[in-house]
Amino acid sequence: MTTQVQAPGTTGGDEGTAGLPTLADFALDPEVRHLNHGSFGTVPRPVLDRLAALRAEMESNPDAWWRTLTGRIAAARAEVAAFLRTTPDALAFVPNASSGASTVLASLRFPRGARVLMTDHTYGAVAMGVRRVAALHGAVVDTVHVPLDASTEDIASLFARKLGSGAPVALVVVDQITSPTARLFPLPEIVAASHAAGARVLVDGAHAPGLLADPLGHASGADYWTGNLHKWTCGPRGTAALVAAEDVAQELVPLVNSWGAPNPYPHRFDEQGTQDVTGWLAVPGSLAFFAERGGWDAARARMERTVTAAQALLAEALGADLAGVSVHEAPAMRLIPLAATLATDPDRAAALQRRVAAELRCEVSITSWDGRGFLRLSAHVYNRPEEYEYLAERLPALFAAAEREAD
Ligand SMILES: Cc1ncc(COP(=O)(O)O)c(C=O)c1O
């Protein structure tokens, strides 16, 4: 393949059409190709400026700062709730999706012997929490194996079968968009089957804000939902939302005991000790930034176009067959299956990811799931086709060398 390769910091292609943000709008190192937005996100420059201004205000008079916080947090919460198409009374700020999931798990009292259901795509750190809390209550963790190519009907019947056999299921924990496998799970069917069996549902929507126009609509009446605002909505780190149904919301208390405790949900989450909440106050700026710079629909369409082309390009370069991964693909994150000897476990996947970063100066995600390795590509609005072309030219040789070493 012959490709015109541009330096990563230069602009090209249809950059800037519809006013969408470009790489220059972010503080990302232009010498690196950032093709893994999904892991940590990044913050637009105007929001970084706003964050710095808020921090300066906080440090200029901490007493005055803490006196004003309640109203300012409530205003920010209302803006995030409107973006997520819910009401401010349903939404609490939490530092991250891990914290949102942990808050829900800590609020539950599972009957001894009850089951907690998750899938084999559940985010590793959340799965660890589920196991720990279940063990505290003498509950049993059961796992639904969801094949990569399972159809909606397959997934619904896999859940229905698990829910209908064995001890009652108290809680189902399910990812909206999965991390190791970049699937968009069919939540309406999963939530309906779970509720029909009397189980509550916690949706881990870590990747959903920004990627889905209506993540809570898609979560379809789940009892609890948590999502990161620092990923695809490009909010500051430490910004995430927890949304609870009205009938269970008042059971939720923050993980940190503090002065807000006597307040009703969600207000009691506004005060969790002396913490830096500048991210919560600045995150509406990220939502507005994309709304004003071409709009969220255009941003999502751009991400989808970019990642779809990138996936096809990399699959061709690596000789990978996409047939098994083409069902329920996430928006803006795509898998390319690797050779059978690569990234066969998470440690090997992490080592290969480090090698790609060091040798190619490309940040990508290499995941390992069910003994198979995958290249997980992300595309945000600042990513350009030339970056994936650069990767496609160099990755086959790097992977071939890694395969030889694995023999
Ligand atoms: C599906 C899923 N859940 C939870 C998390 C945890 O997010 P955080 O580290 O912000 O808590 C992630 C992070 O990538 C994720 O992909």
# chains A, B, ... in the order shown; residues from 1 in each chain; ligands from 1
$ closest_atom_pairs --of "chain A" --to "ligand 1" --cutoff "7 Å" --atoms "only C-alpha atoms and all ligand atoms" --output "Markdown table"
| residue | atom | partner | partner_atom_place_in_ligand_line | distance |
| --- | --- | --- | --- | --- |
| A:Gly38 | CA | ligand 1 | 14 (O) | 6.8 |
| A:Ser39 | CA | ligand 1 | 14 (O) | 5.0 |
| A:Phe40 | CA | ligand 1 | 14 (O) | 7.0 |
| A:Asn96 | CA | ligand 1 | 11 (O) | 4.2 |
| A:Ala97 | CA | ligand 1 | 11 (O) | 4.0 |
| A:Ser98 | CA | ligand 1 | 11 (O) | 3.6 |
| A:Ser99 | CA | ligand 1 | 11 (O) | 6.1 |
| A:Thr122 | CA | ligand 1 | 1 (C) | 6.7 |
| A:Tyr123 | CA | ligand 1 | 1 (C) | 4.9 |
| A:Val126 | CA | ligand 1 | 4 (C) | 6.3 |
| A:Asp175 | CA | ligand 1 | 1 (C) | 5.7 |
| A:Ile177 | CA | ligand 1 | 1 (C) | 6.1 |
| A:Thr178 | CA | ligand 1 | 1 (C) | 5.0 |
| A:Ser179 | CA | ligand 1 | 16 (O) | 4.2 |
| A:Asp204 | CA | ligand 1 | 3 (N) | 5.7 |
| A:Gly205 | CA | ligand 1 | 1 (C) | 6.5 |
| A:Ala206 | CA | ligand 1 | 2 (C) | 4.8 |
| A:His207 | CA | ligand 1 | 16 (O) | 6.1 |
| A:Asn228 | CA | ligand 1 | 10 (O) | 6.0 |
$ residues_around --residues "A:Glu251" --least-positions-apart "4" --cutoff "9 Å" --atoms "only C-alpha atoms" --output "PyMOL selection string"
chain A and resi 104+107-108+247+265
$ write_last_selection --atoms "N, CA and C atoms" --output "mmCIF file, in the first residue's frame"
data_model
loop_
_atom_site.group_PDB
_atom_site.id
_atom_site.type_symbol
_atom_site.label_atom_id
_atom_site.label_comp_id
_atom_site.auth_asym_id
_atom_site.auth_seq_id
_atom_site.Cartn_x
_atom_site.Cartn_y
_atom_site.Cartn_z
ATOM 1 N N VAL A 104 -23.637 1.889 43.927
ATOM 2 C CA VAL A 104 -24.828 1.034 43.824
ATOM 3 C C VAL A 104 -24.587 -0.278 44.565
ATOM 4 N N SER A 107 -24.897 -0.093 48.233
ATOM 5 C CA SER A 107 -26.228 0.216 48.777
ATOM 6 C C SER A 107 -27.107 -1.029 48.908
ATOM 7 N N LEU A 108 -26.676 -2.130 48.326
ATOM 8 C CA LEU A 108 -27.553 -3.306 48.241
ATOM 9 C C LEU A 108 -27.279 -4.302 49.354
ATOM 10 N N ASP A 247 -37.764 5.001 42.566
ATOM 11 C CA ASP A 247 -38.107 4.101 43.680
ATOM 12 C C ASP A 247 -36.892 3.533 44.399
ATOM 13 N N TYR A 265 -31.211 12.266 48.155
ATOM 14 C CA TYR A 265 -30.551 12.019 46.866
ATOM 15 C C TYR A 265 -31.117 13.033 45.881
#
$ select_by_dssp --residues "stretch 73-303 of chain A" --states "strand (DSSP E)" --output "PyMOL selection string"
chain A and resi 91-94+115-119+140-144+169-175+200-204+224-228+240-244
$ select_by_dssp --residues "stretch 175-392 of chain A" --states "alpha helix (DSSP H)" --output "PyMOL selection string"
chain A and resi 187-196+215-219+246-249+278-292+296-318+346-360+385-392
$ closest_residue --among "A:Ala310, A:Leu375, A:Ala193, A:Val80" --to "A:Ala156" --atoms "only C-alpha atoms"
A:Ala193
$ atom_distance --atom1 "atom CA of A:Met333" --atom2 "atom CA of A:Ile366"
12.1 Å
$ closest_atom_pairs --of "stretch 296-354 of chain A" --to "stretch 401-405 of chain A" --cutoff "9 Å" --atoms "only C-alpha atoms" --output "Markdown table"
| residue | atom | partner | partner_atom | distance |
| --- | --- | --- | --- | --- |
| A:Ala339 | CA | A:Glu403 | CA | 7.9 |
| A:Thr341 | CA | A:Glu403 | CA | 6.5 |
| A:Leu342 | CA | A:Glu403 | CA | 6.4 |
| A:Leu352 | CA | A:Ala402 | CA | 7.9 |
$ closest_residue --among "A:Thr274, A:Gln250, A:Thr306, A:Asn383" --to "A:Ala90" --atoms "only C-alpha atoms"
A:Gln250
$ residues_around --residues "stretch 307-309 of chain A" --least-positions-apart "6" --cutoff "10 Å" --atoms "only C-alpha atoms" --output "list in words"
Leu35, Ala315, Pro331, Ala332, Met333, Arg334, Leu335, Leu377, Ser378, Ala379, His380, Asn383, Arg384, Pro385 and Tyr388 of chain A
$ write_last_selection --atoms "all heavy atoms" --output "short mmCIF file (atom, residue, chain, number, x, y, z; two decimals), in the first residue's frame"
data_model
loop_
_atom_site.label_atom_id
_atom_site.label_comp_id
_atom_site.auth_asym_id
_atom_site.auth_seq_id
_atom_site.Cartn_x
_atom_site.Cartn_y
_atom_site.Cartn_z
N LEU A 35 -5.06 7.30 19.10
CA LEU A 35 -6.12 6.49 18.49
C LEU A 35 -6.84 5.65 19.55
O LEU A 35 -7.40 4.61 19.24
CB LEU A 35 -5.52 5.59 17.39
CG LEU A 35 -4.61 6.34 16.39
CD1 LEU A 35 -3.99 5.37 15.39
CD2 LEU A 35 -5.39 7.43 15.67
N ALA A 315 -8.02 -3.89 9.08
CA ALA A 315 -8.32 -5.32 8.88
C ALA A 315 -7.65 -5.81 7.61
O ALA A 315 -7.06 -6.90 7.58
CB ALA A 315 -9.83 -5.53 8.82
N PRO A 331 -20.51 2.40 18.55
CA PRO A 331 -20.16 3.56 17.74
C PRO A 331 -18.77 4.05 18.16
O PRO A 331 -18.46 4.05 19.35
CB PRO A 331 -21.22 4.60 18.10
CG PRO A 331 -21.99 4.08 19.25
CD PRO A 331 -21.52 2.69 19.57
N ALA A 332 -17.94 4.40 17.20
CA ALA A 332 -16.64 5.05 17.46
C ALA A 332 -15.56 4.18 18.09
O ALA A 332 -14.45 4.66 18.33
CB ALA A 332 -16.80 6.35 18.24
N MET A 333 -15.87 2.92 18.42
CA MET A 333 -14.82 2.00 18.86
C MET A 333 -15.00 0.69 18.11
O MET A 333 -16.11 0.16 18.06
CB MET A 333 -14.92 1.71 20.36
CG MET A 333 -14.36 2.80 21.23
SD MET A 333 -14.00 2.22 22.92
CE MET A 333 -15.58 1.65 23.46
N ARG A 334 -13.93 0.21 17.50
CA ARG A 334 -14.05 -0.99 16.68
C ARG A 334 -12.93 -1.98 16.98
O ARG A 334 -11.80 -1.61 17.25
CB ARG A 334 -13.97 -0.60 15.20
CG ARG A 334 -15.18 0.14 14.71
CD ARG A 334 -16.43 -0.75 14.74
NE ARG A 334 -17.64 0.05 14.74
CZ ARG A 334 -18.14 0.64 13.66
NH1 ARG A 334 -17.53 0.51 12.50
NH2 ARG A 334 -19.22 1.37 13.74
N LEU A 335 -13.27 -3.25 16.81
CA LEU A 335 -12.31 -4.33 17.03
C LEU A 335 -11.72 -4.81 15.72
O LEU A 335 -12.42 -4.90 14.70
CB LEU A 335 -13.00 -5.54 17.64
CG LEU A 335 -13.44 -5.53 19.08
CD1 LEU A 335 -13.89 -6.93 19.48
CD2 LEU A 335 -12.34 -5.03 20.01
N LEU A 377 -9.75 0.06 18.12
CA LEU A 377 -9.52 1.42 17.61
C LEU A 377 -10.62 2.35 18.09
O LEU A 377 -11.79 1.98 18.12
CB LEU A 377 -9.56 1.43 16.08
CG LEU A 377 -8.41 0.76 15.34
CD1 LEU A 377 -8.68 0.81 13.84
CD2 LEU A 377 -7.08 1.45 15.67
N SER A 378 -10.24 3.57 18.43
CA SER A 378 -11.21 4.62 18.73
C SER A 378 -11.08 5.71 17.67
O SER A 378 -10.01 5.88 17.07
CB SER A 378 -10.92 5.27 20.08
OG SER A 378 -11.19 4.41 21.15
N ALA A 379 -12.14 6.47 17.48
CA ALA A 379 -12.06 7.69 16.66
C ALA A 379 -12.90 8.77 17.31
O ALA A 379 -14.09 8.58 17.55
CB ALA A 379 -12.55 7.42 15.24
N HIS A 380 -12.27 9.90 17.63
CA HIS A 380 -13.04 11.08 18.03
C HIS A 380 -12.92 12.10 16.90
O HIS A 380 -12.30 11.81 15.86
CB HIS A 380 -12.53 11.63 19.38
CG HIS A 380 -13.63 12.30 20.17
ND1 HIS A 380 -14.16 13.52 19.79
CD2 HIS A 380 -14.32 11.93 21.27
CE1 HIS A 380 -15.12 13.87 20.64
NE2 HIS A 380 -15.24 12.90 21.55
N ASN A 383 -9.52 12.90 15.20
CA ASN A 383 -8.75 11.87 14.49
C ASN A 383 -8.96 11.97 12.98
O ASN A 383 -10.05 12.29 12.53
CB ASN A 383 -9.15 10.47 14.98
CG ASN A 383 -8.65 10.19 16.37
OD1 ASN A 383 -9.43 9.91 17.28
ND2 ASN A 383 -7.34 10.27 16.57
N ARG A 384 -7.88 11.70 12.24
CA ARG A 384 -7.94 11.83 10.78
C ARG A 384 -7.53 10.53 10.10
O ARG A 384 -6.74 9.77 10.67
CB ARG A 384 -7.03 12.97 10.31
CG ARG A 384 -7.39 14.32 10.90
CD ARG A 384 -6.42 15.39 10.47
NE ARG A 384 -5.03 14.94 10.53
CZ ARG A 384 -4.32 14.89 11.65
NH1 ARG A 384 -4.86 15.25 12.79
NH2 ARG A 384 -3.08 14.48 11.62
N PRO A 385 -8.05 10.29 8.89
CA PRO A 385 -7.74 9.04 8.21
C PRO A 385 -6.24 8.78 8.10
O PRO A 385 -5.79 7.63 8.22
CB PRO A 385 -8.36 9.24 6.82
CG PRO A 385 -9.46 10.24 7.03
CD PRO A 385 -9.00 11.13 8.14
N TYR A 388 -4.61 6.58 10.81
CA TYR A 388 -4.84 5.13 10.73
C TYR A 388 -4.05 4.54 9.57
O TYR A 388 -3.61 3.39 9.62
CB TYR A 388 -6.34 4.84 10.60
CG TYR A 388 -7.15 5.45 11.73
CD1 TYR A 388 -7.71 6.72 11.59
CD2 TYR A 388 -7.29 4.79 12.94
CE1 TYR A 388 -8.41 7.30 12.63
CE2 TYR A 388 -8.01 5.37 13.98
CZ TYR A 388 -8.56 6.63 13.82
OH TYR A 388 -9.25 7.21 14.86
#
$ residues_around --residues "A:Val169" --least-positions-apart "3" --cutoff "9 Å" --atoms "only C-alpha atoms" --output "list in words"
Ala114, Arg115, Val116, Leu117, Lys162, Leu163, Gly164, Gly166, Val172, Ser194, Ala197, Gly198, Ala199 and Arg200 of chain A
$ atom_distance --atom1 "atom CA of A:Leu184" --atom2 "atom CA of A:Arg109"
29.3 Å
$ closest_residue --among "A:Arg33, A:Gly113, A:Asp214, A:Thr181" --to "A:Glu386" --atoms "only C-alpha atoms"
A:Arg33
$ closest_residue --among "A:Leu338, A:Val47, A:Ala222, A:Cys362" --to "A:Ala400" --atoms "only C-alpha atoms"
A:Leu338
$ atom_distance --atom1 "atom CA of A:Val32" --atom2 "atom CA of A:Glu387"
9.5 Å
